[in-house]
>>> print(open('final_12.csv').read())   # CSV, C-alpha atoms and all ligand atoms
chain,number,residue,atom,x,y,z
A,1,MET,CA,70.7,146.4,220.7
A,2,ASN,CA,72.3,149.8,220.8
A,3,LEU,CA,71.4,152.0,223.7
A,4,LEU,CA,71.3,155.2,221.7
A,5,GLU,CA,71.5,155.6,217.9
A,6,GLY,CA,71.4,158.6,215.7
A,7,HIS,CA,71.0,158.3,211.9
A,8,GLY,CA,71.7,161.0,209.4
A,9,LEU,CA,71.6,163.7,212.1
A,10,ARG,CA,71.8,167.3,210.8
A,11,LYS,CA,71.5,170.6,212.4
A,12,TYR,CA,71.6,173.7,210.2
A,13,TYR,CA,71.3,177.1,211.8
A,14,HIS,CA,70.5,180.3,209.9
A,15,ARG,CA,72.3,183.4,210.8
A,16,ARG,CA,72.2,186.8,209.0
A,17,GLY,CA,71.3,185.1,205.7
A,18,TYR,CA,73.9,182.4,206.0
A,19,GLN,CA,73.3,178.7,206.6
A,20,ILE,CA,75.6,177.2,209.2
A,21,GLN,CA,75.9,173.4,208.9
A,22,ALA,CA,76.8,172.7,212.5
A,23,VAL,CA,76.1,169.0,212.3
A,24,ASP,CA,75.9,167.5,208.8
A,25,GLY,CA,74.8,163.9,208.4
A,26,VAL,CA,76.2,162.1,211.5
A,27,ASP,CA,75.5,158.5,212.3
A,28,ILE,CA,76.4,157.6,215.8
A,29,SER,CA,75.7,154.6,218.1
A,30,MET,CA,76.4,153.8,221.7
A,31,LYS,CA,76.2,150.5,223.4
A,32,GLU,CA,75.3,149.7,227.0
A,33,HIS,CA,78.1,150.6,229.4
A,34,GLU,CA,80.3,151.8,226.6
A,35,ALA,CA,82.6,154.8,226.8
A,36,LEU,CA,82.7,156.6,223.5
A,37,GLY,CA,84.9,159.6,222.9
A,38,LEU,CA,84.0,162.5,220.5
A,39,VAL,CA,87.0,164.6,219.6
A,40,GLY,CA,87.4,167.6,217.3
A,41,GLU,CA,88.5,171.2,217.2
A,42,SER,CA,86.4,174.0,218.5
A,43,GLY,CA,83.5,174.8,216.3
A,44,SER,CA,83.4,171.3,214.7
A,45,GLY,CA,79.8,170.6,216.0
A,46,LYS,CA,80.5,168.6,219.2
A,47,SER,CA,78.2,170.5,221.5
A,48,THR,CA,75.5,170.8,218.9
A,49,LEU,CA,75.6,167.0,218.3
A,50,MET,CA,75.3,166.5,222.1
A,51,ARG,CA,72.2,168.8,222.2
A,52,LEU,CA,70.7,166.7,219.4
A,53,LEU,CA,71.4,163.5,221.2
A,54,LEU,CA,69.7,164.9,224.3
A,55,LEU,CA,66.6,166.1,222.3
A,56,LEU,CA,67.3,169.6,223.6
A,57,GLU,CA,67.2,170.7,220.0
A,58,ARG,CA,65.2,169.4,217.1
A,59,PRO,CA,67.4,168.1,214.3
A,60,SER,CA,67.0,169.6,210.8
A,61,ALA,CA,67.0,166.0,209.6
A,62,GLY,CA,67.7,162.6,210.9
A,63,ASP,CA,66.3,160.2,213.5
A,64,LEU,CA,67.2,159.2,217.0
A,65,TYR,CA,66.5,155.8,218.6
A,66,PHE,CA,66.7,154.9,222.3
A,67,ARG,CA,66.8,151.1,223.0
A,68,GLY,CA,65.5,150.6,219.5
A,69,GLY,CA,62.5,152.9,219.9
A,70,LYS,CA,62.3,156.0,217.6
A,71,LEU,CA,62.3,159.2,219.7
A,72,ASN,CA,61.3,162.2,217.7
A,73,SER,CA,57.9,160.7,217.0
A,74,GLY,CA,57.4,158.7,220.2
A,75,GLY,CA,55.0,161.1,222.0
A,76,ALA,CA,55.3,162.7,225.4
A,77,GLN,CA,55.5,159.5,227.5
A,78,ARG,CA,58.6,158.1,225.7
A,79,TRP,CA,60.1,161.5,225.7
A,80,SER,CA,59.8,162.0,229.5
A,81,HIS,CA,61.2,158.5,230.0
A,82,PHE,CA,64.2,159.4,227.8
A,83,ARG,CA,64.7,162.6,229.9
A,84,ARG,CA,65.4,160.4,232.9
A,85,GLU,CA,67.5,157.9,231.2
A,86,VAL,CA,70.0,160.2,229.5
A,87,GLN,CA,71.7,162.8,231.6
A,88,ALA,CA,74.4,165.3,230.8
A,89,VAL,CA,77.2,167.4,232.1
A,90,PHE,CA,77.3,170.5,230.0
A,91,GLN,CA,80.4,172.3,228.6
A,92,ASP,CA,79.8,175.3,230.9
A,93,ALA,CA,79.0,173.2,234.0
A,94,ALA,CA,79.1,176.2,236.3
A,95,ALA,CA,76.4,178.1,234.3
A,96,SER,CA,74.2,175.0,234.4
A,97,LEU,CA,74.0,175.3,238.2
A,98,ASN,CA,71.2,177.7,239.3
A,99,PRO,CA,72.9,180.1,241.8
A,100,ARG,CA,69.7,180.6,243.8
A,101,LEU,CA,69.3,176.9,244.6
A,102,SER,CA,71.1,174.8,247.2
A,103,VAL,CA,73.4,172.1,245.9
A,104,GLY,CA,71.0,169.6,247.4
A,105,ARG,CA,68.1,170.9,245.4
A,106,ILE,CA,70.2,171.1,242.2
A,107,VAL,CA,71.5,167.5,242.5
A,108,ALA,CA,67.9,166.3,243.4
A,109,GLU,CA,66.5,167.6,240.1
A,110,PRO,CA,66.4,164.4,238.0
A,111,LEU,CA,64.8,162.5,241.0
A,112,LEU,CA,62.0,165.1,241.2
A,113,ASN,CA,60.9,164.0,237.7
A,114,PHE,CA,60.2,160.6,239.0
A,115,GLY,CA,57.0,161.8,240.7
A,116,PRO,CA,55.7,161.3,244.2
A,117,GLU,CA,56.7,157.7,244.6
A,118,LEU,CA,60.2,158.8,245.9
A,119,GLY,CA,59.7,160.5,249.3
A,120,SER,CA,61.7,163.5,250.4
A,121,HIS,CA,63.7,161.4,252.8
A,122,ARG,CA,64.8,159.0,250.2
A,123,ILE,CA,65.6,161.8,247.8
A,124,ASP,CA,67.8,163.5,250.4
A,125,GLU,CA,69.6,160.2,251.1
A,126,ARG,CA,70.3,159.6,247.4
A,127,VAL,CA,71.5,163.2,246.9
A,128,ALA,CA,74.0,162.8,249.8
A,129,ALA,CA,75.2,159.5,248.4
A,130,ALA,CA,75.7,161.0,244.9
A,131,LEU,CA,77.7,163.9,246.4
A,132,GLU,CA,79.9,161.3,248.2
A,133,ARG,CA,80.4,159.3,245.0
A,134,VAL,CA,81.8,162.4,243.2
A,135,GLY,CA,84.2,163.2,246.1
A,136,LEU,CA,82.2,165.9,247.8
A,137,GLN,CA,80.7,165.9,251.3
A,138,ARG,CA,77.2,164.9,252.3
A,139,ASP,CA,76.7,168.2,254.0
A,140,ASP,CA,77.6,170.1,250.9
A,141,ARG,CA,74.0,169.8,249.9
A,142,ARG,CA,73.2,172.7,252.2
A,143,ARG,CA,75.7,175.0,250.5
A,144,TYR,CA,75.4,177.1,247.3
A,145,PRO,CA,77.2,176.7,243.9
A,146,HIS,CA,79.3,179.9,244.3
A,147,GLU,CA,81.0,178.5,247.4
A,148,PHE,CA,82.7,175.9,245.3
A,149,SER,CA,85.8,175.9,243.0
A,150,GLY,CA,85.5,175.3,239.2
A,151,GLY,CA,86.5,171.6,239.6
A,152,GLN,CA,84.0,171.1,242.4
A,153,GLN,CA,81.2,172.7,240.4
A,154,ARG,CA,81.8,170.1,237.7
A,155,ARG,CA,81.6,167.5,240.4
A,156,ILE,CA,78.2,168.9,241.5
A,157,ALA,CA,77.0,168.8,237.9
A,158,LEU,CA,78.2,165.2,237.7
A,159,ALA,CA,76.4,164.3,240.9
A,160,ARG,CA,73.2,165.6,239.4
A,161,ALA,CA,73.8,163.5,236.3
A,162,LEU,CA,74.5,160.4,238.4
A,163,VAL,CA,71.8,160.6,241.0
A,164,ALA,CA,69.1,158.8,239.2
A,165,ASP,CA,71.5,156.0,238.1
A,166,PRO,CA,70.9,156.6,234.4
A,167,PRO,CA,72.2,154.2,231.7
A,168,LEU,CA,73.8,157.0,229.7
A,169,ILE,CA,75.6,160.2,230.6
A,170,LEU,CA,76.9,162.7,228.1
A,171,CYS,CA,79.8,164.9,229.2
A,172,ASP,CA,81.0,167.9,227.3
A,173,GLU,CA,84.6,169.1,227.8
A,174,ILE,CA,84.5,168.1,231.5
A,175,THR,CA,88.1,169.0,232.2
A,176,SER,CA,88.7,172.1,229.9
A,177,GLY,CA,89.9,175.2,231.6
A,178,LEU,CA,91.0,173.5,234.8
A,179,ASP,CA,94.5,173.1,236.3
A,180,LEU,CA,96.3,170.0,235.2
A,181,SER,CA,96.2,168.5,238.8
A,182,VAL,CA,92.4,169.1,239.0
A,183,GLN,CA,92.0,167.6,235.5
A,184,ALA,CA,93.8,164.5,236.6
A,185,LYS,CA,91.7,164.0,239.6
A,186,LEU,CA,88.5,164.4,237.6
A,187,LEU,CA,89.7,161.8,235.0
A,188,ASN,CA,90.4,159.4,237.8
A,189,LEU,CA,86.9,160.0,239.2
A,190,PHE,CA,85.4,159.2,235.8
A,191,ARG,CA,87.4,156.1,235.5
A,192,ASP,CA,86.1,154.9,238.9
A,193,LEU,CA,82.6,155.8,238.0
A,194,GLN,CA,82.8,153.8,234.8
A,195,GLU,CA,83.8,150.8,236.8
A,196,GLU,CA,81.2,151.1,239.6
A,197,SER,CA,78.2,152.5,237.8
A,198,ARG,CA,76.0,150.9,235.1
A,199,ALA,CA,76.3,154.0,233.0
A,200,GLY,CA,77.7,154.4,229.5
A,201,PHE,CA,79.4,157.6,228.8
A,202,LEU,CA,79.9,159.9,225.8
A,203,PHE,CA,83.0,162.0,226.5
A,204,ILE,CA,83.4,165.1,224.3
A,205,SER,CA,86.9,166.6,224.4
A,206,HIS,CA,89.7,167.9,222.3
A,207,ASP,CA,92.2,166.1,224.5
A,208,LEU,CA,93.3,162.8,223.0
A,209,GLY,CA,95.1,161.8,226.2
A,210,ALA,CA,91.7,162.0,228.1
A,211,MET,CA,90.2,159.8,225.3
A,212,ARG,CA,92.9,157.1,225.7
A,213,TYR,CA,92.3,157.1,229.4
A,214,LEU,CA,88.5,157.0,229.5
A,215,CYS,CA,87.2,155.6,226.2
A,216,SER,CA,87.1,152.3,224.3
A,217,ARG,CA,86.1,153.9,221.0
A,218,VAL,CA,86.7,157.3,219.5
A,219,ALA,CA,84.8,159.3,216.9
A,220,VAL,CA,86.6,162.2,215.2
A,221,ILE,CA,84.5,165.1,214.0
A,222,TYR,CA,85.6,167.7,211.5
A,223,ALA,CA,83.4,170.5,210.2
A,224,GLY,CA,80.1,168.8,211.3
A,225,LYS,CA,81.0,165.4,209.9
A,226,ILE,CA,82.4,162.3,211.6
A,227,VAL,CA,85.6,161.6,209.6
A,228,GLU,CA,86.9,158.6,211.5
A,229,GLU,CA,85.7,156.2,214.1
A,230,LEU,CA,88.0,153.7,215.6
A,231,PRO,CA,88.8,151.6,218.7
A,232,VAL,CA,91.2,153.3,221.1
A,233,SER,CA,93.5,150.4,220.5
A,234,SER,CA,93.9,151.6,216.9
A,235,LEU,CA,94.2,155.3,217.8
A,236,GLU,CA,97.9,155.3,217.1
A,237,GLN,CA,97.3,154.0,213.5
A,238,PRO,CA,94.6,156.3,212.2
A,239,LEU,CA,93.6,156.3,208.5
A,240,HIS,CA,92.3,159.8,208.2
A,241,PRO,CA,94.9,162.6,207.6
A,242,TYR,CA,92.9,164.8,210.1
A,243,THR,CA,93.2,162.3,212.9
A,244,GLN,CA,96.9,161.8,212.0
A,245,ALA,CA,97.3,165.6,212.3
A,246,LEU,CA,95.6,165.6,215.7
A,247,LEU,CA,98.0,162.9,216.9
A,248,ALA,CA,101.0,164.8,215.4
A,249,ALA,CA,100.0,168.0,217.2
A,250,GLU,CA,99.8,166.0,220.4
A,251,ALA,CA,103.2,164.4,219.9
A,252,GLN,CA,104.7,167.8,219.1
A,253,LEU,CA,104.0,168.9,222.6
A,254,PHE,CA,106.4,166.3,223.9
A,255,ALA,CA,108.9,165.8,221.2
A,256,PRO,CA,109.1,168.3,218.3
A,257,SER,CA,109.5,166.5,215.0
A,258,GLU,CA,109.0,166.8,211.3
A,259,MET,CA,105.6,165.2,211.3
A,260,TYR,CA,102.8,166.9,209.4
A,261,LEU,CA,101.2,169.6,211.5
A,262,LEU,CA,97.8,171.0,210.8
A,263,GLU,CA,98.0,174.3,209.1
A,264,GLY,CA,95.4,176.9,208.5
A,265,GLU,CA,92.1,177.4,210.3
A,266,PRO,CA,89.1,175.2,210.5
A,267,PRO,CA,86.8,176.2,207.6
A,268,ASP,CA,84.0,178.8,208.1
A,269,PRO,CA,80.9,176.8,208.9
A,270,ALA,CA,78.8,179.2,206.8
A,271,ALA,CA,80.9,178.4,203.7
A,272,TYR,CA,82.3,174.9,203.8
A,273,PRO,CA,84.5,173.9,200.8
A,274,ALA,CA,83.2,171.6,198.2
A,275,GLY,CA,84.3,168.0,198.2
A,276,CYS,CA,86.0,166.7,201.3
A,277,ARG,CA,85.7,169.5,203.9
A,278,PHE,CA,89.3,168.8,205.1
A,279,HIS,CA,90.9,169.1,201.6
A,280,PRO,CA,92.2,172.7,201.9
A,281,ARG,CA,94.3,171.6,204.9
A,282,CYS,CA,95.1,168.0,203.7
A,283,PRO,CA,98.7,167.1,202.9
A,284,ILE,CA,97.6,164.2,200.6
A,285,ARG,CA,94.7,165.7,198.8
A,286,MET,CA,93.9,164.6,195.2
A,287,LYS,CA,91.8,166.3,192.6
A,288,ARG,CA,88.9,164.0,193.5
A,289,CYS,CA,88.9,165.4,197.1
A,290,THR,CA,88.0,168.9,195.8
A,291,GLU,CA,84.9,167.6,194.0
A,292,GLU,CA,83.5,164.7,195.9
A,293,SER,CA,82.8,164.2,199.5
A,294,PRO,CA,84.2,160.8,200.8
A,295,ARG,CA,81.7,158.7,202.7
A,296,LEU,CA,82.4,157.2,206.1
A,297,THR,CA,83.2,153.6,205.1
A,298,THR,CA,84.0,150.6,207.2
A,299,VAL,CA,87.7,149.8,206.6
A,300,ARG,CA,88.0,146.9,209.1
A,301,VAL,CA,85.9,145.8,212.0
A,302,GLY,CA,85.1,148.7,214.2
A,303,HIS,CA,87.1,151.1,212.1
A,304,ARG,CA,85.4,153.6,209.7
A,305,ALA,CA,87.1,156.4,207.8
A,306,ALA,CA,85.9,159.1,205.4
A,307,CYS,CA,88.9,159.4,203.1
A,308,PHE,CA,89.5,158.2,199.6
A,309,THR,CA,93.0,157.0,200.5
A,310,ALA,CA,91.6,154.7,203.2
A,311,HIS,CA,89.0,153.0,201.0
A,401,LIG,N1,72.4,178.3,218.4
A,401,LIG,C1,73.3,178.5,217.4
A,401,LIG,N2,73.0,179.4,216.4
A,401,LIG,C2,73.8,179.6,215.4
A,401,LIG,N3,75.0,178.9,215.2
A,401,LIG,C3,75.3,178.1,216.2
A,401,LIG,C4,74.5,177.8,217.3
A,401,LIG,N4,75.1,176.8,218.1
A,401,LIG,C5,76.3,176.5,217.5
A,401,LIG,N5,76.4,177.3,216.3
A,401,LIG,C6,77.5,177.2,215.4
A,401,LIG,O1,77.7,175.8,215.0
A,401,LIG,C7,79.1,175.5,214.9
A,401,LIG,C8,79.4,174.3,215.8
A,401,LIG,O2,79.3,174.8,217.2
A,401,LIG,P1,79.5,173.8,218.4
A,401,LIG,O3,78.6,172.6,218.3
A,401,LIG,O4,79.3,174.6,219.7
A,401,LIG,O5,81.0,173.3,218.2
A,401,LIG,P2,82.0,172.7,219.3
A,401,LIG,O6,81.3,172.3,220.5
A,401,LIG,O7,82.7,171.5,218.6
A,401,LIG,O8,83.0,173.8,219.6
A,401,LIG,C9,79.8,176.7,215.2
A,401,LIG,O9,80.2,177.4,214.0
A,401,LIG,C10,78.9,177.5,216.0
A,401,LIG,O10,79.1,178.9,215.9
A,402,MG,MG,81.5,172.7,222.5
>>> encode(input="final_12.csv", output="C-alpha cells", more="lines below")
Ligand SMILES: Nc1ncnc2c1ncn2[C@@H]1O[C@H](COP(=O)(O)OP(=O)(O)O)[C@@H](O)[C@H]1O
Ligand SMILES: [Mg+2]
Amino acid sequence: MNLLEGHGLRKYYHRRGYQIQAVDGVDISMKEHEALGLVGESGSGKSTLMRLLLLLERPSAGDLYFRGGKLNSGGAQRWSHFRREVQAVFQDAAASLNPRLSVGRIVAEPLLNFGPELGSHRIDERVAAALERVGLQRDDRRRYPHEFSGGQQRRIALARALVADPPLILCDEITSGLDLSVQAKLLNLFRDLQEESRAGFLFISHDLGAMRYLCSRVAVIYAGKIVEELPVSSLEQPLHPYTQALLAAEAQLFAPSEMYLLEGEPPDPAAYPAGCRFHPRCPIRMKRCTEESPRLTTVRVGHRAACFTAH
C-alpha cells in the first residue's frame, strides 16, 4: 500500500481575471521509506503541489489518500492524525520559524499536538535529541532563531519535522541559496537521516545532483504537469526532451558541448500553450504536439513519460 497518493490533483488560482493553472492533473504516489525527488524550473508548481500534499490548500480537483484512506472527506479526526504523520520543511525555512519563540518551543510544536499524554519533561528530552540528530546542540533549544545562520535555521526546521518521528517528510528546496560547502553538509545529513529514521522523504529541488544523491525515484514537473517519472538509475537515459534538456544544462556546467540546451522561458502560467505545454521549446516537436496533450504513460517498469516520441 502506498503511504501517500494523489490522483488528478489540480490547483487553479485566479488573479486579475486570469486563471493560473499552478498544478494541473498530477498523479503522485509515495511508498513507505522511499525518497522521491520532484524537480522542475521555478514556477512549475512544485511548492503548490507540496501544499496540496500537506492539505494546507484545498485542491481545485483531485483526491488525496494516506495509507489508503481518502483524506479530503475523512473528517476532523483523520485530518489531525494526518497532520502529525506528514511533516514539512518549507522553501523559506527561516520564515517558518517564529522569531519570538525559542528554538526549543519551535521544535516541540508537532509534539504539542499529541495532547497531554506526553509530559513536558519527555517533550524537552525529545526536542534535545532532535536537535542533536540534525547536528545542533542540546542547549540550542534555549536560543532564538535569529542567532543562527541560514544553514542552521534549516536544521532547526528539520529538527521540528523529525521530532515526532513521522513516516513522511516533505522538503522544499532545502539547500537553495546556501554556500556549496553548507549544501554538501546538509545533503550528507539528509543521507544519514534516511538511513537511520523510518521516514520517507519528498525532496523538491531544481538540482539534479542532489536528486541523484538523495533519491531513488525522480518526478519531473513542467508547467504544472508531471512530464516524466523514472528511477534514479535511469536518470541518464531520460525519454522526455525536457528532462534531456535539464541534464544537458547540468552537463554544460562541467563540459560545454553541442547538446541541446533549453531555449526560451517557461510558459506564462496564465496562458499555457495548447497541446504539449513544452512544445514551443521542444527541439523534436511534431504537428501533433501543438494540438494534443500527451498523457503520462508507462514506458517500462517504473518509468513514465508524457511525450508522443516515447510512447
Ligand atoms: N497563492 C497563489 N496565488 C496565485 N498564484 C500563485 C499562488 N501560489 C503560486 N502561484 C503561481 O503558481 C505557479 C507555480 O508556483 P509554485 O508552486 O510556487 O512554483 P515552484 O515552487 O515550482 O517555483 C506560479 O506561476 C506562481 O506564481
Ligand atoms: Mg517553490
>>> residues_near_point(input="final_12.csv", point="(87.7, 164.3, 196.8)", cutoff="12 Å", atoms="only C-alpha atoms", output="VMD selection string")
chain A and resid 273 to 280 282 284 to 295 306 to 309
>>> residues_near_ligand(input="final_12.csv", ligand="ligand LIG 401 (chain A)", cutoff="7 Å", atoms="all atoms listed in the file", output="list of chain:residue names")
A:Tyr13, A:His14, A:Arg15, A:Ile20, A:Gln21, A:Ala22, A:Gly40, A:Glu41, A:Ser42, A:Gly43, A:Ser44, A:Gly45, A:Lys46, A:Ser47, A:Thr48, A:Leu49, A:Pro269
>>> closest_residue(input="final_12.csv", among="A:Leu118, A:Leu36, A:Leu3, A:Ala249", to="A:Leu230", atoms="all atoms listed in the file")
A:Leu36
>>> residues_around(input="final_12.csv", residues="stretch 142-154 of chain A", least_positions_apart="6", cutoff="12 Å", atoms="only C-alpha atoms", output="ChimeraX atom specification")
/A:88-107,124,127-128,131,134-136,160-161,171-187,189-190
>>> closest_residue(input="final_12.csv", among="A:Lys31, A:Arg198, A:Arg83, A:His240", to="A:Leu53", atoms="all atoms listed in the file")
A:Arg83
>>> closest_residue(input="final_12.csv", among="A:Leu38, A:Lys11, A:Ala159, A:Gln19", to="ligand MG 402 (chain A)", atoms="only C-alpha atoms and all ligand atoms")
A:Leu38
>>> atom_distance(input="final_12.csv", atom1="atom CA of A:His206", atom2="atom CA of A:Leu246")
9.1 Å
>>> closest_residue(input="final_12.csv", among="A:Leu158, A:Met1, A:Met30, A:Leu9", to="A:Ser216", atoms="only C-alpha atoms")
A:Met30
>>> residues_near_point(input="final_12.csv", point="(95.1, 163.9, 224.0)", cutoff="10 Å", atoms="all atoms listed in the file", output="ChimeraX atom specification")
/A:39,205-213,246-247,249-251
>>> residues_around(input="final_12.csv", residues="A:Arg10", least_positions_apart="3", cutoff="7 Å", atoms="all atoms listed in the file", output="PyMOL selection string")
chain A and resi 23-26+59-62
>>> atom_distance(input="final_12.csv", atom1="atom CA of A:Ile156", atom2="atom CA of A:Ser197")
16.8 Å
>>> closest_residue(input="final_12.csv", among="A:Pro110, A:Pro231, A:Pro241, A:Gly37", to="A:Arg126", atoms="only C-alpha atoms")
A:Pro110
>>> atom_distance(input="final_12.csv", atom1="atom CA of A:Thr243", atom2="atom CA of A:Gly8")
21.8 Å
>>> closest_residue(input="final_12.csv", among="A:Arg281, A:His81, A:Arg51, A:Arg16", to="ligand MG 402 (chain A)", atoms="only C-alpha atoms and all ligand atoms")
A:Arg51
>>> decode(input="final_12.csv", residues="stretch 201-220 of chain A", atoms="C-alpha atoms", output="JSON list (two decimals), in the first residue's frame")
[["chain", "number", "residue", "atom", "x", "y", "z"],
["A", 201, "PHE", "CA", 11.10, 11.90, 2.01],
["A", 202, "LEU", "CA", 9.89, 14.05, -0.84],
["A", 203, "PHE", "CA", 12.74, 16.26, -1.94],
["A", 204, "ILE", "CA", 11.83, 19.25, -4.07],
["A", 205, "SER", "CA", 14.74, 20.79, -5.91],
["A", 206, "HIS", "CA", 15.97, 22.08, -9.21],
["A", 207, "ASP", "CA", 19.33, 20.44, -8.58],
["A", 208, "LEU", "CA", 19.67, 17.07, -10.33],
["A", 209, "GLY", "CA", 22.90, 16.35, -8.42],
["A", 210, "ALA", "CA", 21.00, 16.48, -5.13],
["A", 211, "MET", "CA", 18.37, 14.16, -6.64],
["A", 212, "ARG", "CA", 20.99, 11.59, -7.59],
["A", 213, "TYR", "CA", 22.47, 11.73, -4.12],
["A", 214, "LEU", "CA", 19.26, 11.51, -2.12],
["A", 215, "CYS", "CA", 16.51, 9.92, -4.19],
["A", 216, "SER", "CA", 15.62, 6.56, -5.65],
["A", 217, "ARG", "CA", 12.93, 7.94, -7.97],
["A", 218, "VAL", "CA", 12.52, 11.30, -9.65],
["A", 219, "ALA", "CA", 9.42, 13.06, -10.98],
["A", 220, "VAL", "CA", 9.97, 15.92, -13.41]]
